[in-house]
$ cat coords05.cif   # mmCIF, C-alpha atoms
data_final
loop_
_atom_site.label_atom_id
_atom_site.label_comp_id
_atom_site.auth_asym_id
_atom_site.auth_seq_id
_atom_site.Cartn_x
_atom_site.Cartn_y
_atom_site.Cartn_z
CA MET J 2 127.45 118.40 22.83
CA ASP J 3 129.79 117.21 20.09
CA SER J 4 132.54 116.09 22.52
CA VAL J 5 130.29 114.72 25.28
CA ASP J 6 130.40 110.97 25.82
CA ILE J 7 126.73 110.16 25.26
CA GLY J 8 127.44 106.53 26.08
CA LEU J 9 128.19 107.56 29.67
CA PHE J 10 125.84 110.55 29.89
CA ASP J 11 122.78 108.77 28.58
CA TYR J 12 119.31 110.18 29.23
CA ASP J 13 116.08 110.98 27.45
CA ARG J 14 117.18 113.96 25.38
CA ASN J 15 113.65 115.30 25.01
CA ASN J 16 113.48 116.35 28.65
CA ALA J 17 114.06 119.92 29.78
CA VAL J 18 117.02 119.26 32.08
CA TYR J 19 119.06 116.46 33.61
CA PHE J 20 121.69 116.63 36.31
CA PHE J 21 124.13 113.78 36.83
CA ILE J 22 125.41 112.90 40.26
CA LEU J 23 128.72 111.14 39.78
CA ASN J 24 132.21 110.85 41.19
CA ALA J 25 135.69 111.48 39.81
CA ASP J 26 135.83 107.85 38.58
CA GLU J 27 132.84 108.63 36.32
CA GLN J 28 130.58 106.37 38.35
CA ILE J 29 127.11 107.80 37.88
CA TYR J 30 125.18 107.41 41.10
CA MET J 31 121.96 108.82 39.74
CA ARG J 32 120.33 111.25 37.37
CA TYR J 33 117.96 114.01 38.33
CA GLY J 34 115.40 115.03 35.78
CA GLY J 35 112.30 113.93 33.97
CA ARG J 36 108.93 115.24 32.99
CA ASP J 37 105.32 114.29 32.59
CA SER J 38 102.73 115.17 29.97
CA GLN J 39 101.51 118.22 31.89
CA SER J 40 104.76 120.16 32.19
CA PRO J 41 108.50 119.89 31.50
CA ASP J 42 109.20 120.71 35.15
CA THR J 43 106.60 118.74 37.10
CA TYR J 44 109.26 116.66 38.84
CA LEU J 45 111.78 119.48 39.14
CA ASN J 46 111.88 121.71 42.19
CA LEU J 47 114.42 122.78 44.75
CA SER J 48 113.21 120.34 47.41
CA SER J 49 113.47 117.30 45.14
CA LEU J 50 116.87 118.46 43.82
CA GLU J 51 118.09 118.75 47.41
CA ALA J 52 116.74 115.25 48.17
CA ALA J 53 118.55 113.89 45.10
CA ALA J 54 121.81 115.60 46.11
CA LYS J 55 121.56 114.11 49.62
CA GLN J 56 120.92 110.67 48.18
CA GLY J 57 123.89 111.14 45.85
CA LEU J 58 126.12 112.04 48.80
CA GLU J 59 124.96 108.91 50.65
CA LEU J 60 125.72 106.77 47.59
CA HIS J 61 129.16 108.40 47.35
CA ARG J 62 129.82 107.61 51.03
CA GLN J 63 128.88 103.98 50.32
CA TYR J 64 131.14 103.97 47.25
CA GLU J 65 134.10 105.29 49.25
CA GLN J 66 133.53 102.61 51.91
CA GLY J 67 133.42 99.91 49.25
CA SER J 68 129.84 98.89 50.03
CA LEU J 69 128.43 100.20 46.74
CA GLU J 70 129.16 98.01 43.75
CA LYS J 71 131.20 99.73 41.05
CA MET J 72 129.24 99.86 37.82
CA GLU J 73 130.82 98.85 34.54
CA ARG J 74 131.39 101.95 32.45
CA PRO J 75 129.25 101.98 29.30
CA LYS J 76 131.02 101.86 25.97
CA PRO J 77 132.02 105.41 24.96
CA MET J 78 129.96 106.95 22.20
CA PHE J 79 130.05 110.46 20.80
CA PRO J 80 127.59 112.41 18.64
CA ARG J 81 130.12 112.45 15.78
CA GLU J 82 129.65 108.66 15.55
CA ILE J 83 126.05 109.08 14.35
CA PRO J 84 126.43 109.51 10.57
CA LEU J 85 123.10 111.20 9.97
CA LEU J 86 123.75 113.68 12.79
CA VAL J 87 127.15 114.49 11.28
CA GLU J 88 125.57 115.03 7.87
CA ARG J 89 122.81 117.29 9.19
CA THR J 90 124.69 119.29 11.85
CA PHE J 91 128.48 118.96 11.97
CA ALA J 92 128.89 119.16 8.19
CA ARG J 93 126.73 122.30 8.12
CA ASN J 94 128.45 123.93 11.12
CA GLN J 95 125.19 123.80 13.06
CA CYS J 96 124.69 123.33 16.78
CA VAL J 97 124.44 119.76 18.02
CA GLU J 98 121.43 120.07 20.30
CA CYS J 99 120.47 117.40 22.81
CA HIS J 100 117.13 116.56 21.20
CA LEU J 101 118.79 116.29 17.76
CA ILE J 102 121.13 113.60 19.08
CA GLY J 103 118.16 111.50 20.20
CA ASP J 104 116.18 112.22 17.03
CA PHE J 105 119.01 111.34 14.65
CA GLN J 106 119.99 108.27 16.69
CA ASN J 107 116.47 106.97 16.19
CA ILE J 108 116.34 107.88 12.49
CA GLN J 109 119.68 106.10 12.05
CA ARG J 110 118.38 103.04 13.93
CA GLU J 111 115.25 103.03 11.78
CA GLN J 112 117.33 103.17 8.58
CA GLU J 113 119.53 100.33 9.86
CA GLY J 114 116.52 98.24 10.90
CA THR J 115 117.57 98.22 14.57
CA LEU J 116 114.95 100.59 16.01
CA ASP J 117 113.20 99.12 19.05
CA LYS J 118 110.12 101.33 19.24
CA LEU J 119 109.37 100.58 22.88
CA LYS J 120 112.93 101.00 24.12
CA ASP J 121 114.13 103.78 21.82
CA LEU J 122 111.01 105.91 21.35
CA TYR J 123 109.55 105.62 24.85
CA ARG J 124 112.73 106.15 26.86
CA SER J 125 111.25 107.85 29.90
CA PRO J 126 107.61 106.93 30.17
CA ASP J 127 105.48 109.17 32.34
CA ILE J 128 105.28 106.96 35.41
CA LYS J 129 101.78 108.24 36.09
CA THR J 130 100.62 106.18 33.10
CA LEU J 131 101.80 103.12 35.05
CA GLY J 132 99.84 104.29 38.10
CA ILE J 133 102.81 105.53 40.12
CA HIS J 134 102.42 109.02 41.56
CA LEU J 135 105.39 110.63 43.27
CA ASP J 136 105.46 112.91 46.27
CA VAL J 137 107.59 115.30 44.21
CA PRO J 138 109.12 117.45 46.94
CA LYS J 139 110.33 114.26 48.65
CA GLY J 140 112.11 112.96 45.56
CA LEU J 141 111.86 109.20 45.21
CA VAL J 142 108.94 108.73 47.58
CA VAL J 143 105.81 107.38 46.00
CA LYS J 144 102.66 109.10 47.20
CA GLU J 145 100.14 106.76 45.62
CA VAL J 146 99.91 103.59 43.54
CA ARG J 147 96.95 103.11 41.19
CA GLY J 148 96.04 101.43 37.93
CA ALA J 149 98.45 98.95 36.37
CA ALA J 150 100.97 99.30 39.20
CA GLU J 151 98.31 98.45 41.77
CA VAL J 152 97.03 95.53 39.68
CA ALA J 153 100.61 94.24 39.49
CA GLY J 154 100.64 94.08 43.28
CA MET J 155 102.68 97.15 44.11
CA ASN J 156 101.87 99.25 47.11
CA GLN J 157 103.54 102.30 48.67
CA VAL J 158 106.90 102.26 46.94
CA THR J 159 109.67 103.98 48.85
CA ALA J 160 112.51 103.77 46.35
CA LEU J 161 112.86 103.73 42.58
CA ARG J 162 116.59 103.27 42.62
CA SER J 163 118.18 99.86 42.53
CA SER J 164 121.85 99.28 43.16
CA THR J 165 122.06 97.27 39.96
CA GLU J 166 120.22 99.82 37.82
CA ARG J 167 121.58 103.15 39.09
CA ARG J 168 122.27 104.39 35.59
CA SER J 169 118.69 103.94 34.50
CA GLY J 170 117.65 107.28 35.92
CA VAL J 171 115.71 108.76 38.74
CA LEU J 172 112.31 108.69 37.11
CA ALA J 173 112.85 106.13 34.39
CA ILE J 174 111.79 102.89 35.99
CA CYS J 175 113.94 99.83 35.48
CA SER J 176 113.54 98.43 38.93
CA ILE J 177 111.00 99.07 41.62
CA ILE J 178 111.55 98.06 45.20
CA SER J 179 108.19 97.33 46.76
CA THR J 180 107.54 97.37 50.48
CA LYS J 181 105.19 94.44 50.04
#

$ encode --input "coords05.cif" --output "structure tokens"
Amino acid sequence: MDSVDIGLFDYDRNNAVYFFILNADEQIYMRYGGRDSQSPDTYLNLSSLEAAAKQGLELHRQYEQGSLEKMERPKPMFPREIPLLVERTFARNQCVECHLIGDFQNIQREQEGTLDKLKDLYRSPDIKTLGIHLDVPKGLVVKEVRGAAEVAGMNQVTALRSSTERRSGVLAICSIISTK
């Protein structure tokens, strides 16, 4: 992980797996991954991966036709730019593991006084806690809306991806398109 641009390939590093669907211009169309409190692979199965790949191909078709807005590339950042991570891994010739990057980023932020507990420590909230329950084999199809999501006025949600927030992730909610 030491030479991976974590500015571009940003995700919750405490999840079991993430796949990025992107093009040769490093435009990330979407991420596939996530977890809930029950299991590291609740949202991960072959059917939902296939649905994500199909959606990624559709987004790529739109990109090639010019109908999908090109996203500004995030500022490059590499694990070697996190001083505490360098001290604890690189300097000791130890493996730079995904979860260590996230952990040491947050420790560094805390030491610098820049840690935003909600944003930095709760990167990929379990959407079930918001009352959104996915029909997992169908990918981004919401099966049921309850609790806080229902109180907020949401109903059957058919997409969690927004053209302006593609990089936010498949299951990390930054924008919800309601059919209301």

$ atom_distance --input "coords05.cif" --atom1 "CA of Asn16 (chain J)" --atom2 "CA of Arg36 (chain J)"
6.4 Å

$ residues_near_point --input "coords05.cif" --point "(113.9, 105.8, 13.3)" --cutoff "12 Å" --atoms "all atoms listed in the file" --output "ChimeraX atom specification"
/J:85,103-122

$ residues_around --input "coords05.cif" --residues "Asn15 (chain J)" --least-positions-apart "5" --cutoff "10 Å" --atoms "all atoms listed in the file" --output "list of chain:residue names"
J:Gly35, J:Arg36, J:Pro41, J:Cys99, J:His100, J:Leu101, J:Ile102, J:Gly103, J:Asp104, J:Arg124, J:Ser125

$ resolve_selection --input "coords05.cif" --expression "the PyMOL selection byres ((chain J and resi 137-149) around 6)" --output "CSV table (one decimal) with C-alpha atoms, keeping the file's coordinate frame"
chain,number,residue,atom,x,y,z
J,44,TYR,CA,109.3,116.7,38.8
J,48,SER,CA,113.2,120.3,47.4
J,49,SER,CA,113.5,117.3,45.1
J,52,ALA,CA,116.7,115.2,48.2
J,131,LEU,CA,101.8,103.1,35.0
J,132,GLY,CA,99.8,104.3,38.1
J,133,ILE,CA,102.8,105.5,40.1
J,134,HIS,CA,102.4,109.0,41.6
J,135,LEU,CA,105.4,110.6,43.3
J,136,ASP,CA,105.5,112.9,46.3
J,150,ALA,CA,101.0,99.3,39.2
J,151,GLU,CA,98.3,98.4,41.8
J,152,VAL,CA,97.0,95.5,39.7
J,156,ASN,CA,101.9,99.2,47.1
J,158,VAL,CA,106.9,102.3,46.9
J,159,THR,CA,109.7,104.0,48.8
J,160,ALA,CA,112.5,103.8,46.4

$ residues_near_point --input "coords05.cif" --point "(125.8, 101.9, 31.5)" --cutoff "7 Å" --atoms "all atoms listed in the file" --output "VMD selection string"
chain J and resid 9 73 to 75 168

$ write_last_selection --input "coords05.cif" --atoms "C-alpha atoms" --output "PDB file, in the coordinates of the input"
ATOM      1  CA  LEU J   9     128.190 107.560  29.670  1.00  0.00           C
ATOM      2  CA  GLU J  73     130.820  98.850  34.540  1.00  0.00           C
ATOM      3  CA  ARG J  74     131.390 101.950  32.450  1.00  0.00           C
ATOM      4  CA  PRO J  75     129.250 101.980  29.300  1.00  0.00           C
ATOM      5  CA  ARG J 168     122.270 104.390  35.590  1.00  0.00           C
TER       6      ARG J 168
END

$ resolve_selection --input "coords05.cif" --expression "the PyMOL selection byres ((chain J and resi 38) around 10)" --output "compact mmCIF listing (two decimals) with C-alpha atoms, in the coordinates of the input"
# COMPACT_ATOMS: atom_id res chain seq x y z
CA ARG J 36 108.93 115.24 32.99
CA ASP J 37 105.32 114.29 32.59
CA GLN J 39 101.51 118.22 31.89
CA SER J 40 104.76 120.16 32.19
CA PRO J 41 108.50 119.89 31.50
CA ASP J 42 109.20 120.71 35.15
CA THR J 43 106.60 118.74 37.10
CA PRO J 126 107.61 106.93 30.17
CA ASP J 127 105.48 109.17 32.34
CA LYS J 129 101.78 108.24 36.09
CA THR J 130 100.62 106.18 33.10

$ residues_around --input "coords05.cif" --residues "Val97 (chain J)" --least-positions-apart "5" --cutoff "12 Å" --atoms "only C-alpha atoms" --output "ChimeraX atom specification"
/J:2-5,14,79-81,83,85-92,102-105

$ atom_distance --input "coords05.cif" --atom1 "CA of Ala54 (chain J)" --atom2 "CA of Glu27 (chain J)"
16.3 Å

$ atom_distance --input "coords05.cif" --atom1 "CA of Leu60 (chain J)" --atom2 "CA of Ile128 (chain J)"
23.8 Å

$ residues_around --input "coords05.cif" --residues "region 22-26 of chain J" --least-positions-apart "5" --cutoff "9 Å" --atoms "all atoms listed in the file" --output "ChimeraX atom specification"
/J:31-33,53-54,57-58,61

$ decode --input "coords05.cif" --residues "region 9-24 of chain J" --atoms "C-alpha atoms" --output "PDB file, in the first residue's frame"
ATOM      1  CA  LEU J   9      -7.717   8.846  -5.193  1.00  0.00           C
ATOM      2  CA  PHE J  10      -8.419   5.382  -3.777  1.00  0.00           C
ATOM      3  CA  ASP J  11     -10.210   6.556  -0.665  1.00  0.00           C
ATOM      4  CA  TYR J  12     -12.473   4.193   1.258  1.00  0.00           C
ATOM      5  CA  ASP J  13     -13.189   3.003   4.766  1.00  0.00           C
ATOM      6  CA  ARG J  14     -10.065   0.946   5.420  1.00  0.00           C
ATOM      7  CA  ASN J  15     -11.723  -1.142   8.120  1.00  0.00           C
ATOM      8  CA  ASN J  16     -13.886  -2.988   5.611  1.00  0.00           C
ATOM      9  CA  ALA J  17     -13.033  -6.441   4.315  1.00  0.00           C
ATOM     10  CA  VAL J  18     -12.799  -5.571   0.621  1.00  0.00           C
ATOM     11  CA  TYR J  19     -13.388  -2.758  -1.841  1.00  0.00           C
ATOM     12  CA  PHE J  20     -13.361  -2.840  -5.608  1.00  0.00           C
ATOM     13  CA  PHE J  21     -13.039   0.346  -7.624  1.00  0.00           C
ATOM     14  CA  ILE J  22     -14.756   0.735 -10.959  1.00  0.00           C
ATOM     15  CA  LEU J  23     -12.817   3.351 -12.884  1.00  0.00           C
ATOM     16  CA  ASN J  24     -11.517   4.214 -16.326  1.00  0.00           C
TER      17      ASN J  24
END
